[in-house]
Amino acid sequence: MPSDLETAGTPRSDHDAARTDADGDLLAVSGVRIALRRRSGEVPVVETATFTVPANGALGVVGESGSGKSMLSRALIGTLPRYGGRVTHGSIRWQGRELVGLPEKAWRTIRGREIGYVPQSSMAGLNPILPIGEQLLEAVSNGRRRVDAEHRARVLELLDLVRIPRAKQVVSETADQLSGGMRQRVVIAAALAQRPKLLILDEPTTALDVTVQAGILKLVADLRRELGMAVMLTSHDLAVIETICDKIMTMYAGAVIEIGGVGDVRGGPLHPYTKALMESRVDQADPTRDLVTIPGEPPSTGNWPPGCRFWPRCPVAVDACRVGDQPAMRSFGQRWSACLRTGEWL
Ligand SMILES: Nc1ncnc2c1ncn2[C@@H]1O[C@H](COP(=O)(O)OP(=O)(O)OP(=O)(O)O)[C@@H](O)[C@H]1O
Ligand SMILES: [Mg+2]
């Protein structure tokens with residue numbers, strides 16, 4: 001049993017946590033709910049996300065497809081309206097400043113500048129015919145029309161920073177001439193153009209093969225150290241997160257259900273869903289046994305069951321799990337879990 005649980009004491013409520021975590025963190029998210037506009041009305045897609053990212057910290061967000069990882073990332077850079085979405089409840093504090101409700105003009109001073117963003121599938125978003133140098137110049141000059149020698153020097157500096165060899169040639173090449181790994185490095189370079197304090201990477205390695213993936217993860221870890229930058233990385237793959245993050249946050253069906261240090265979660269997850277994710281990992285599977293898969297499917301957005309959203313697939317669910325609202329996160333030492341039975345079933 002993890003030591004934190006033994007010394008857990010009385011669990012604190014979600015509300016208390018939000019109050020104490022707000023001090024001194026780069027990013028403090030508390031009680032955030034996100035809804036999308038649909039023809040039938042607003043549909044919630046993320047509920048009561050509460051977490052923090054300290055300066056220089058690295059938070060990994062894991063969860064199956066549709067769990068809300070990308071929507072949560074978009075809330076942090078103010079692009080939800082592009083998807084017909086908005087934060088309906090809660091607070092997102094960036095260095096003490098409230099971001100919820102910020103007008104678009106104010107977002108422009110934060111998005112890309114203070115918080116860098118590498119969107120999901122962003123490699124495919126590179127212009128296939130515009131030279132790499134021109135695309136990076138746009139990021140460096142931040143849309144200004146006048147581009148000077150300093151901007152051009154910064155482009156070369158960025159390509160060096162992401163370890164792209166032959167930077168002087170690469171500036172005149174197009175995305176089509178680069179490998180997948182090199183394209184991803186270009187996208188990361190663009191996100192670093194304004195020297196952000198936090199870099200959000202949404203599934204940065206999903207489309208890449210294993211060796212290239214390892215190279216990108218090492219790059220992100222090195223950049224974090226060299227630039228003294230915080231990182232938030234989403235992935236459906238725990239192994240990716242464990243490579244470079246200090247904390248893991250698990251999402252299931254729009255809810256944050258576990259947060260803990262990478263070593264602690266690895267040593268013994270507090271939520272049965274995180275446990276199931278660990279047991280279904282391909283990279284650590286015992287080749288002599290069949291791979292464990294999580295039975296059933298996650299519920300579709302808006303069709304969440306009453307009670308804990310995971311109960312229909314949970315091997316330890318009891319009657320209390322099947323009624324009421326999605327259970328709130330409770331703290332156990334430095335760790336958090338939304339499982340009503342945390343501490344009982346381990
Ligand atoms: N572009 C979009 N327009 C409208 N609804 C969307 C859009 N993208 C996602 N959604 C809705 O929001 C919910 C959460 O999706 P989100 O993309 O945040 O999940 P995710 O965890 O990032 O999944 P994945 O691992 O597939 O990237 C989805 O179930 C879907 O209903
Ligand atoms: Mg996503």
# chains A, B, ... in the order shown; residues from 1 in each chain; ligands from 1
>>> residues_near_ligand(ligand="ligand 2", cutoff="12 Å", atoms="only C-alpha atoms and all ligand atoms", output="PyMOL selection string")
chain A and resi 61-74+118-122+201-204+206+233-236+251+254
>>> write_last_selection(atoms="C-alpha atoms", output="compact mmCIF listing (two decimals), in the first residue's frame")
# COMPACT_ATOMS: atom_id res chain seq x y z
CA VAL A 61 -2.63 14.18 -18.56
CA VAL A 62 -3.68 10.66 -19.49
CA GLY A 63 -7.06 9.31 -20.58
CA GLU A 64 -8.84 7.46 -23.36
CA SER A 65 -10.03 9.16 -26.53
CA GLY A 66 -12.87 11.60 -25.81
CA SER A 67 -12.02 12.01 -22.10
CA GLY A 68 -11.61 15.77 -22.57
CA LYS A 69 -7.83 16.21 -22.63
CA SER A 70 -7.80 18.48 -25.68
CA MET A 71 -10.79 20.54 -24.52
CA LEU A 72 -9.06 21.14 -21.20
CA SER A 73 -5.87 22.22 -23.01
CA ARG A 74 -7.89 24.59 -25.18
CA VAL A 118 1.61 22.42 -29.61
CA PRO A 119 -1.84 21.28 -30.78
CA GLN A 120 -2.81 17.69 -31.44
CA SER A 121 -1.93 16.67 -35.05
CA SER A 122 -0.05 19.94 -35.46
CA LEU A 201 1.84 19.68 -25.80
CA ASP A 202 -1.28 17.81 -26.90
CA GLU A 203 -0.37 14.23 -27.92
CA PRO A 204 2.99 15.32 -29.36
CA THR A 206 1.10 9.93 -31.22
CA LEU A 233 1.61 17.04 -21.87
CA THR A 234 -1.42 14.99 -22.82
CA SER A 235 -1.30 11.42 -24.03
CA HIS A 236 -3.35 8.25 -23.99
CA MET A 251 -9.13 11.84 -16.88
CA GLY A 254 -14.66 14.38 -18.82
>>> residues_around(residues="A:Ala239", least_positions_apart="4", cutoff="12 Å", atoms="only C-alpha atoms", output="PyMOL selection string")
chain A and resi 60-62+205-206+210+213-214+217+234-235+243-245+248+262+266+277-285
>>> atom_distance(atom1="atom CA of A:Ile216", atom2="atom CA of A:Arg195")
18.6 Å
>>> closest_residue(among="A:Gly302, A:Pro315, A:Gly228, A:Pro269", to="ligand 1", atoms="only C-alpha atoms and all ligand atoms")
A:Gly302
>>> residues_around(residues="A:Ala230", least_positions_apart="2", cutoff="10 Å", atoms="only C-alpha atoms", output="list of chain:residue names")
A:Leu26, A:Leu27, A:Val53, A:Pro54, A:Ala55, A:Asn56, A:Gly57, A:Ala58, A:Leu59, A:Ile115, A:Pro196, A:Lys197, A:Leu198, A:Leu199, A:Ile200, A:Leu223, A:Arg224, A:Arg225, A:Leu227, A:Gly228, A:Met232, A:Cys245
>>> write_last_selection(atoms="C-alpha atoms", output="PDB file, in the first residue's frame")
ATOM      1  CA  LEU A  26       2.230  29.179 -12.244  1.00  0.00           C
ATOM      2  CA  LEU A  27      -1.148  27.725 -13.172  1.00  0.00           C
ATOM      3  CA  VAL A  53       1.251  23.322 -12.413  1.00  0.00           C
ATOM      4  CA  PRO A  54       4.174  24.852 -10.513  1.00  0.00           C
ATOM      5  CA  ALA A  55       6.932  26.825 -12.253  1.00  0.00           C
ATOM      6  CA  ASN A  56       9.205  24.319 -13.974  1.00  0.00           C
ATOM      7  CA  GLY A  57       6.801  21.447 -13.172  1.00  0.00           C
ATOM      8  CA  ALA A  58       5.734  18.800 -15.676  1.00  0.00           C
ATOM      9  CA  LEU A  59       2.175  17.498 -15.564  1.00  0.00           C
ATOM     10  CA  ILE A 115       1.676  29.831 -22.631  1.00  0.00           C
ATOM     11  CA  PRO A 196       6.670  30.844 -22.950  1.00  0.00           C
ATOM     12  CA  LYS A 197       6.811  29.884 -19.272  1.00  0.00           C
ATOM     13  CA  LEU A 198       4.497  26.931 -19.831  1.00  0.00           C
ATOM     14  CA  LEU A 199       4.447  24.693 -22.893  1.00  0.00           C
ATOM     15  CA  ILE A 200       1.296  22.636 -23.471  1.00  0.00           C
ATOM     16  CA  LEU A 223      14.131  22.059 -23.189  1.00  0.00           C
ATOM     17  CA  ARG A 224      12.245  22.096 -19.930  1.00  0.00           C
ATOM     18  CA  ARG A 225      15.539  22.004 -18.033  1.00  0.00           C
ATOM     19  CA  LEU A 227      14.675  27.013 -20.489  1.00  0.00           C
ATOM     20  CA  GLY A 228      13.371  26.560 -16.926  1.00  0.00           C
ATOM     21  CA  MET A 232       1.806  20.030 -19.577  1.00  0.00           C
ATOM     22  CA  CYS A 245       6.552  14.236 -16.194  1.00  0.00           C
TER      23      CYS A 245
END
>>> residues_around(residues="A:Val318", least_positions_apart="3", cutoff="12 Å", atoms="only C-alpha atoms", output="compact mmCIF listing (two decimals) with N, CA and C atoms, in the first residue's frame")
# COMPACT_ATOMS: atom_id res chain seq x y z
N GLY A 307 -23.71 8.67 -10.66
CA GLY A 307 -22.63 8.21 -9.78
C GLY A 307 -21.28 8.33 -10.45
N CYS A 308 -20.36 7.46 -10.09
CA CYS A 308 -19.03 7.46 -10.69
C CYS A 308 -19.15 7.03 -12.14
N PHE A 310 -17.12 5.69 -14.01
CA PHE A 310 -16.39 4.46 -14.36
C PHE A 310 -17.09 3.20 -13.86
N TRP A 311 -18.16 3.33 -13.06
CA TRP A 311 -18.69 2.12 -12.41
C TRP A 311 -19.09 1.00 -13.36
N PRO A 312 -19.66 1.30 -14.56
CA PRO A 312 -20.06 0.16 -15.40
C PRO A 312 -18.87 -0.72 -15.83
N ARG A 313 -17.65 -0.18 -15.74
CA ARG A 313 -16.48 -0.97 -16.15
C ARG A 313 -15.59 -1.32 -14.96
N CYS A 314 -16.04 -0.96 -13.77
CA CYS A 314 -15.16 -1.05 -12.60
C CYS A 314 -15.30 -2.40 -11.88
N PRO A 315 -14.17 -3.06 -11.63
CA PRO A 315 -14.25 -4.37 -10.95
C PRO A 315 -14.55 -4.28 -9.45
N CYS A 321 -21.42 3.56 -5.45
CA CYS A 321 -20.73 4.14 -6.62
C CYS A 321 -21.71 4.44 -7.75
N ARG A 322 -22.90 3.85 -7.69
CA ARG A 322 -23.82 3.91 -8.83
C ARG A 322 -24.89 4.99 -8.68
N VAL A 323 -24.79 5.80 -7.65
CA VAL A 323 -25.81 6.83 -7.41
C VAL A 323 -25.17 8.20 -7.17
N CYS A 339 -12.10 8.11 -6.39
CA CYS A 339 -12.76 6.82 -6.12
C CYS A 339 -13.29 6.79 -4.69
N LEU A 340 -14.58 6.49 -4.55
CA LEU A 340 -15.17 6.43 -3.21
C LEU A 340 -14.50 5.36 -2.36
N ARG A 341 -13.94 4.37 -3.03
CA ARG A 341 -13.39 3.22 -2.30
C ARG A 341 -11.87 3.27 -2.18
N GLU A 344 -9.76 1.16 0.25
CA GLU A 344 -10.45 -0.09 0.64
C GLU A 344 -10.07 -1.25 -0.27
N TRP A 345 -9.96 -0.94 -1.56
CA TRP A 345 -9.84 -2.06 -2.51
C TRP A 345 -8.41 -2.42 -2.84
>>> residues_around(residues="A:Glu138", least_positions_apart="4", cutoff="12 Å", atoms="only C-alpha atoms", output="list in words")
Gly112, Leu130, Pro131, Ile132, Gly133, Glu134, Asn142, Gly143, Arg144, Arg145, Arg146, Val147, Asp148, His151, Arg152, Arg154, Val155, Ala189, Ala190, Ala191, Ala193 and Gln194 of chain A
>>> write_last_selection(atoms="N, CA and C atoms", output="CSV table (one decimal), in the first residue's frame")
chain,number,residue,atom,x,y,z
A,112,GLY,N,0.5,31.8,-26.7
A,112,GLY,CA,1.7,31.8,-27.6
A,112,GLY,C,2.8,32.6,-26.9
A,130,LEU,N,4.9,26.3,-48.0
A,130,LEU,CA,5.6,27.5,-47.5
A,130,LEU,C,6.9,27.1,-46.8
A,131,PRO,N,8.1,27.7,-47.2
A,131,PRO,CA,9.3,27.3,-46.6
A,131,PRO,C,9.2,27.4,-45.0
A,132,ILE,N,9.9,26.4,-44.4
A,132,ILE,CA,9.9,26.3,-42.9
A,132,ILE,C,10.3,27.7,-42.3
A,133,GLY,N,11.3,28.3,-42.9
A,133,GLY,CA,11.8,29.6,-42.4
A,133,GLY,C,10.7,30.7,-42.3
A,134,GLU,N,9.9,30.7,-43.4
A,134,GLU,CA,8.8,31.7,-43.4
A,134,GLU,C,7.8,31.4,-42.4
A,142,ASN,N,5.5,37.3,-34.5
A,142,ASN,CA,4.2,37.4,-33.9
A,142,ASN,C,3.2,38.2,-34.8
A,143,GLY,N,3.2,37.8,-36.1
A,143,GLY,CA,2.2,38.4,-37.0
A,143,GLY,C,2.6,39.8,-37.5
A,144,ARG,N,3.7,40.4,-37.0
A,144,ARG,CA,4.0,41.8,-37.4
A,144,ARG,C,4.5,41.8,-38.8
A,145,ARG,N,4.2,42.8,-39.6
A,145,ARG,CA,4.5,42.8,-41.0
A,145,ARG,C,6.0,43.0,-41.3
A,146,ARG,N,6.6,43.8,-40.4
A,146,ARG,CA,8.0,44.1,-40.6
A,146,ARG,C,8.9,43.0,-40.0
A,147,VAL,N,9.7,42.4,-40.8
A,147,VAL,CA,10.5,41.3,-40.3
A,147,VAL,C,12.0,41.8,-40.5
A,148,ASP,N,12.8,41.7,-39.4
A,148,ASP,CA,14.1,42.2,-39.5
A,148,ASP,C,15.2,41.1,-39.3
A,151,HIS,N,14.8,38.9,-36.3
A,151,HIS,CA,13.8,37.9,-36.4
A,151,HIS,C,14.4,36.7,-37.1
A,152,ARG,N,15.2,36.9,-38.2
A,152,ARG,CA,15.8,35.8,-39.0
A,152,ARG,C,16.8,35.1,-38.2
A,154,ARG,N,16.7,34.8,-35.0
A,154,ARG,CA,16.0,34.0,-34.0
A,154,ARG,C,15.4,32.7,-34.5
A,155,VAL,N,15.0,32.7,-35.8
A,155,VAL,CA,14.5,31.5,-36.5
A,155,VAL,C,15.7,30.4,-36.4
A,189,ALA,N,9.5,24.3,-32.1
A,189,ALA,CA,10.2,25.5,-32.2
A,189,ALA,C,9.3,26.7,-32.3
A,190,ALA,N,8.2,26.6,-33.2
A,190,ALA,CA,7.3,27.7,-33.3
A,190,ALA,C,6.6,28.0,-32.0
A,191,ALA,N,6.3,27.0,-31.2
A,191,ALA,CA,5.6,27.2,-29.9
A,191,ALA,C,6.5,27.9,-28.9
A,193,ALA,N,8.7,30.2,-29.8
A,193,ALA,CA,9.2,31.5,-30.4
A,193,ALA,C,9.2,32.7,-29.4
A,194,GLN,N,8.1,32.7,-28.6
A,194,GLN,CA,8.0,33.9,-27.7
A,194,GLN,C,8.4,33.6,-26.3
